[in-house]
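Data from input-v4.cif: mmCIF, C-alpha atoms
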data_model
loop_
_atom_site.label_atom_id
_atom_site.label_comp_id
_atom_site.auth_asym_id
_atom_site.auth_seq_id
_atom_site.Cartn_x
_atom_site.Cartn_y
_atom_site.Cartn_z
CA MET A 252 -16.57 -0.20 -15.19
CA LYS A 253 -15.77 -3.78 -14.25
CA ARG A 254 -16.72 -5.87 -11.25
CA VAL A 255 -13.39 -7.50 -10.46
CA TRP A 256 -14.31 -9.19 -7.19
CA GLU A 257 -17.14 -11.66 -6.77
CA ASP A 258 -19.39 -12.30 -3.79
CA GLY A 259 -17.44 -13.95 -1.01
CA ASP A 260 -14.05 -12.75 -2.25
CA VAL A 261 -11.70 -11.39 0.42
CA VAL A 262 -9.69 -8.27 -0.40
CA LEU A 263 -6.76 -7.64 1.97
CA PHE A 264 -5.02 -4.29 2.43
CA GLN A 265 -1.52 -4.65 3.91
CA GLY A 266 1.14 -2.17 4.90
CA ASP A 267 2.16 0.40 7.47
CA SER A 268 0.50 3.52 8.94
CA ILE A 269 -0.58 4.76 5.51
CA THR A 270 -2.79 1.67 5.31
CA ASP A 271 -3.54 1.34 9.04
CA CYS A 272 -5.13 4.79 9.40
CA GLY A 273 -6.41 4.25 12.91
CA ARG A 274 -8.31 1.03 12.24
CA SER A 275 -9.82 -0.61 15.31
CA ARG A 276 -8.02 -3.74 16.50
CA GLU A 277 -11.21 -4.80 18.29
CA ASN A 278 -13.34 -4.63 15.14
CA PRO A 279 -11.89 -6.82 12.34
CA SER A 280 -14.16 -5.21 9.74
CA ASP A 281 -12.98 -1.66 10.51
CA LEU A 282 -10.87 -0.24 7.68
CA GLY A 283 -9.72 2.99 9.27
CA PHE A 284 -10.16 6.40 7.62
CA GLY A 285 -7.78 6.08 4.65
CA TYR A 286 -7.65 4.73 1.12
CA ALA A 287 -8.84 1.24 2.13
CA LYS A 288 -12.11 2.67 3.42
CA SER A 289 -12.50 4.83 0.30
CA ILE A 290 -12.00 1.82 -1.96
CA GLN A 291 -14.63 -0.16 -0.09
CA THR A 292 -17.09 2.74 -0.16
CA ILE A 293 -16.73 3.36 -3.89
CA TYR A 294 -16.91 -0.35 -4.74
CA ASN A 295 -20.04 -0.80 -2.64
CA HIS A 296 -21.70 2.18 -4.29
CA LEU A 297 -20.86 0.89 -7.75
CA PHE A 298 -21.96 -2.68 -7.07
CA LEU A 299 -24.87 -2.55 -4.67
CA ASP A 300 -25.54 -5.49 -2.36
CA ASN A 301 -22.25 -7.18 -3.24
CA GLU A 302 -20.76 -9.49 -0.63
CA VAL A 303 -17.07 -8.78 -1.07
CA VAL A 304 -15.18 -8.79 2.24
CA PHE A 305 -12.64 -6.00 2.70
CA ILE A 306 -10.02 -6.44 5.43
CA ASN A 307 -7.33 -3.99 6.59
CA ARG A 308 -4.32 -5.41 8.41
CA GLY A 309 -1.94 -2.47 8.03
CA VAL A 310 0.14 -1.73 11.15
CA SER A 311 1.65 1.68 11.85
CA GLY A 312 5.45 1.73 11.92
CA ASN A 313 5.88 -1.57 10.09
CA ARG A 314 8.76 -2.40 7.77
CA VAL A 315 8.93 -5.34 5.37
CA ARG A 316 10.48 -7.52 8.08
CA ASP A 317 7.37 -6.94 10.23
CA LEU A 318 5.10 -8.19 7.46
CA LEU A 319 7.13 -11.39 7.45
CA LEU A 320 6.61 -11.75 11.19
CA ARG A 321 2.88 -11.23 10.71
CA TYR A 322 2.59 -13.59 7.76
CA GLU A 323 0.79 -16.47 9.46
CA GLN A 324 -1.93 -14.44 11.19
CA ASP A 325 -2.30 -11.46 8.87
CA PHE A 326 -1.83 -13.03 5.45
CA LEU A 327 -2.28 -16.79 5.50
CA ALA A 328 -5.06 -16.94 8.08
CA VAL A 329 -7.06 -14.27 6.23
CA LYS A 330 -7.12 -16.40 3.05
CA PRO A 331 -7.41 -13.40 0.70
CA ASP A 332 -8.38 -13.63 -2.94
CA PHE A 333 -6.61 -10.33 -3.57
CA ILE A 334 -3.82 -8.58 -1.67
CA SER A 335 -2.45 -5.07 -2.04
CA ILE A 336 0.76 -4.17 -0.24
CA LEU A 337 2.05 -0.67 0.46
CA ILE A 338 5.28 -0.85 2.45
CA GLY A 339 8.75 0.66 2.45
CA ILE A 340 8.73 4.22 3.78
CA ASN A 341 9.64 3.08 7.30
CA ASP A 342 12.57 1.10 5.90
CA THR A 343 13.85 4.52 4.81
CA TRP A 344 12.54 6.70 7.66
CA ARG A 345 14.35 4.78 10.41
CA ARG A 346 17.69 5.62 8.80
CA TYR A 347 17.08 9.32 9.41
CA SER A 348 15.11 9.18 12.65
CA GLU A 349 16.99 6.43 14.51
CA ASN A 350 20.15 5.75 12.48
CA ASP A 351 18.65 2.33 11.76
CA THR A 352 19.44 1.67 8.11
CA THR A 353 17.79 -0.99 5.99
CA SER A 354 19.92 -1.61 2.92
CA THR A 355 18.21 -1.95 -0.44
CA GLU A 356 19.55 -5.50 -0.58
CA ARG A 357 17.91 -6.42 2.72
CA PHE A 358 14.67 -4.66 1.75
CA THR A 359 14.58 -6.54 -1.55
CA ASN A 360 15.41 -9.91 -0.03
CA GLU A 361 12.80 -9.59 2.71
CA TYR A 362 10.14 -8.40 0.28
CA GLU A 363 10.93 -11.22 -2.14
CA THR A 364 10.72 -13.75 0.70
CA LEU A 365 7.26 -12.43 1.56
CA LEU A 366 6.06 -12.53 -2.03
CA SER A 367 7.45 -15.99 -2.67
CA GLN A 368 5.61 -17.27 0.40
CA ILE A 369 2.36 -15.76 -0.84
CA LYS A 370 2.86 -17.36 -4.25
CA ARG A 371 3.68 -20.70 -2.65
CA ASP A 372 0.81 -20.78 -0.15
CA MET A 373 -1.84 -18.82 -2.08
CA PRO A 374 -1.07 -19.33 -5.77
CA ASP A 375 -4.48 -18.12 -6.95
CA THR A 376 -4.40 -14.88 -4.96
CA GLY A 377 -4.09 -11.69 -6.99
CA ILE A 378 -1.34 -9.30 -5.92
CA MET A 379 -0.93 -5.54 -6.29
CA LEU A 380 2.30 -3.87 -5.20
CA MET A 381 2.09 -0.17 -4.41
CA SER A 382 5.33 1.80 -4.47
CA PRO A 383 6.38 3.74 -1.38
CA PHE A 384 6.49 7.48 -1.95
CA LEU A 385 7.65 10.82 -0.61
CA ILE A 386 5.68 14.01 -1.16
CA HIS A 387 7.75 17.21 -1.15
CA SER A 388 5.89 19.22 1.48
CA GLN A 389 8.89 19.27 3.84
CA PRO A 390 12.20 20.23 2.15
CA ASP A 391 14.32 18.59 4.87
CA LYS A 392 13.03 15.17 3.77
CA ILE A 393 14.17 15.50 0.15
CA VAL A 394 17.48 13.89 1.14
CA TRP A 395 15.50 10.71 1.86
CA HIS A 396 15.39 10.03 -1.87
CA GLU A 397 18.96 8.73 -1.78
CA ASP A 398 17.67 5.85 0.34
CA LEU A 399 14.08 5.56 -0.90
CA ASP A 400 14.56 5.68 -4.69
CA PRO A 401 16.50 2.39 -4.95
CA LYS A 402 13.77 0.74 -2.86
CA ILE A 403 11.09 2.07 -5.20
CA ILE A 404 12.99 0.58 -8.15
CA ALA A 405 13.22 -2.71 -6.24
CA VAL A 406 9.43 -2.73 -5.81
CA TYR A 407 8.95 -2.29 -9.55
CA GLU A 408 11.35 -5.15 -10.27
CA LEU A 409 9.62 -7.42 -7.76
CA ALA A 410 6.27 -6.51 -9.27
CA LYS A 411 7.42 -7.79 -12.65
CA LYS A 412 8.15 -11.16 -11.10
CA TYR A 413 5.38 -11.59 -8.54
CA ALA A 414 2.53 -9.11 -8.98
CA ASP A 415 -0.50 -8.89 -11.21
CA PHE A 416 -0.69 -5.10 -10.80
CA VAL A 417 1.67 -2.34 -9.73
CA LEU A 418 0.62 1.12 -8.57
CA PRO A 419 3.45 3.68 -9.03
CA LEU A 420 2.37 6.07 -6.29
CA GLU A 421 5.59 8.07 -6.38
CA CYS A 422 4.98 8.90 -10.05
CA ILE A 423 1.26 9.47 -9.52
CA PHE A 424 1.78 12.04 -6.77
CA ASP A 425 4.62 13.73 -8.67
CA ASP A 426 2.34 14.10 -11.70
CA VAL A 427 -0.52 15.52 -9.60
CA VAL A 428 1.81 18.21 -8.22
CA LEU A 429 3.62 18.95 -11.50
CA ASN A 430 0.32 19.37 -13.34
CA GLY A 431 -0.77 21.95 -10.78
CA HIS A 432 -3.80 20.09 -9.54
CA PHE A 433 -2.81 20.22 -5.87
CA SER A 434 0.12 21.41 -3.78
CA PRO A 435 2.33 18.95 -1.88
CA SER A 436 1.03 20.20 1.49
CA GLU A 437 -2.56 19.61 0.39
CA ILE A 438 -1.69 15.98 -0.32
CA SER A 439 0.46 15.38 2.77
CA GLY A 440 1.47 17.69 5.58
CA ASP A 441 4.54 15.71 6.62
CA GLY A 442 5.41 14.32 3.19
CA VAL A 443 4.70 10.74 4.28
CA HIS A 444 1.17 10.43 5.63
CA PRO A 445 -1.49 11.49 3.15
CA GLU A 446 -4.27 13.87 4.04
CA LEU A 447 -7.77 12.72 3.09
CA LEU A 448 -7.13 14.18 -0.37
CA GLY A 449 -4.02 12.02 -0.74
CA HIS A 450 -5.93 8.93 0.33
CA SER A 451 -8.65 9.75 -2.20
CA ILE A 452 -6.03 9.95 -4.96
CA ILE A 453 -4.65 6.53 -3.94
CA ALA A 454 -8.16 5.02 -3.90
CA VAL A 455 -9.06 6.35 -7.34
CA GLU A 456 -5.79 5.21 -8.91
CA TYR A 457 -6.12 1.79 -7.26
CA LEU A 458 -9.58 1.31 -8.74
CA LYS A 459 -8.44 2.60 -12.13
CA ALA A 460 -5.51 0.15 -12.17
CA LEU A 461 -8.00 -2.69 -11.75
CA GLU A 462 -10.34 -1.14 -14.36
CA ILE A 463 -13.10 -0.99 -11.79
CA ILE A 464 -13.56 2.65 -12.77
#

Would you mind writing the structure in this file as structure tokens?
Amino acid sequence: MKRVWEDGDVVLFQGDSITDCGRSRENPSDLGFGYAKSIQTIYNHLFLDNEVVFINRGVSGNRVRDLLLRYEQDFLAVKPDFISILIGINDTWRRYSENDTTSTERFTNEYETLLSQIKRDMPDTGIMLMSPFLIHSQPDKIVWHEDLDPKIIAVYELAKKYADFVLPLECIFDDVVLNGHFSPSEISGDGVHPELLGHSIIAVEYLKALEII
């Protein structure tokens, strides 16, 4: 067990609806009901009376291009000491729901622009990239892999260049299912948005990646 963050450090969770999880826009300290809240709760139980500040700025429906638009107010103005980013499923989803395709090239270029800005403006900030994922609870979504898998590979390649940590959520969830621990529908009803169990798995793996647990 290792205390990674010190008193006064700001930990920022960024992404789409999987991070957002119904957080209150009126209450900046609200983390929603998902993995961000679980991470805060576990950390605070492990290190009592710590003064780490946890902030959730995930926005439902966002793609990488939206993170770029929110950079000034939701990255730079927050002044985080550590950022985790989980983004990408909407860059795939829109192709199938609205015929609005984001090429892997565009996804990669936009993501790299975001990461290069973070490195330029906040060079001492730690970065974790979390891979987008698809859980096989709805067979009709399996075709999404043709679009999503190259984007997952792009995240891993960007992580090598820009990140301090990478969390391979696609592999993690696949392993959980293949090992018979839980069924896909227990982890996510729609294959995209985790149930509370899925969020708990993300939180535990996040903390393990940082060697906090």

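Remark: for Gln368 in chain A, the closest of the candidate residues A:Glu323, A:Asp281, A:Glu302, A:Asp271 is A:Glu323 (distances computed over all atoms listed in the file).
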
Tell me which residues the PyMOL selection byres ((chain A and resi 314) around 7) grabs here, as a VMD selection string.
-> chain A and resid 312 to 313 315 to 318 338 to 339 341 to 342

Could I get the residues of range 265-380 of chain A with an atom no further than 9 Å from an atom of range 427-446 of chain A, each paired with its nearest atom pair and that distance in Å to one decimal, using all atoms listed in the file, sorted by chain and residue number, as CSV?
residue,atom,partner,partner_atom,distance
A:Ser268,CA,A:His444,CA,7.7
A:Ile269,CA,A:His444,CA,5.9
A:Gly285,CA,A:Pro445,CA,8.4
A:Ile340,CA,A:Val443,CA,7.7

Residue members of the PyMOL selection byres ((chain A and resi 304) around 10) in the file shown, as a VMD selection string = chain A and resid 256 to 263 280 291 301 to 303 305 to 306 331 to 332

Gap from CA of Ile393 in chain A to CA of Leu448 in chain A - Å, one decimal | 21.3 Å

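Taking CA of Pro279 in chain A as the reference point, CA of Ala328 in chain A is found at 12.9 Å.
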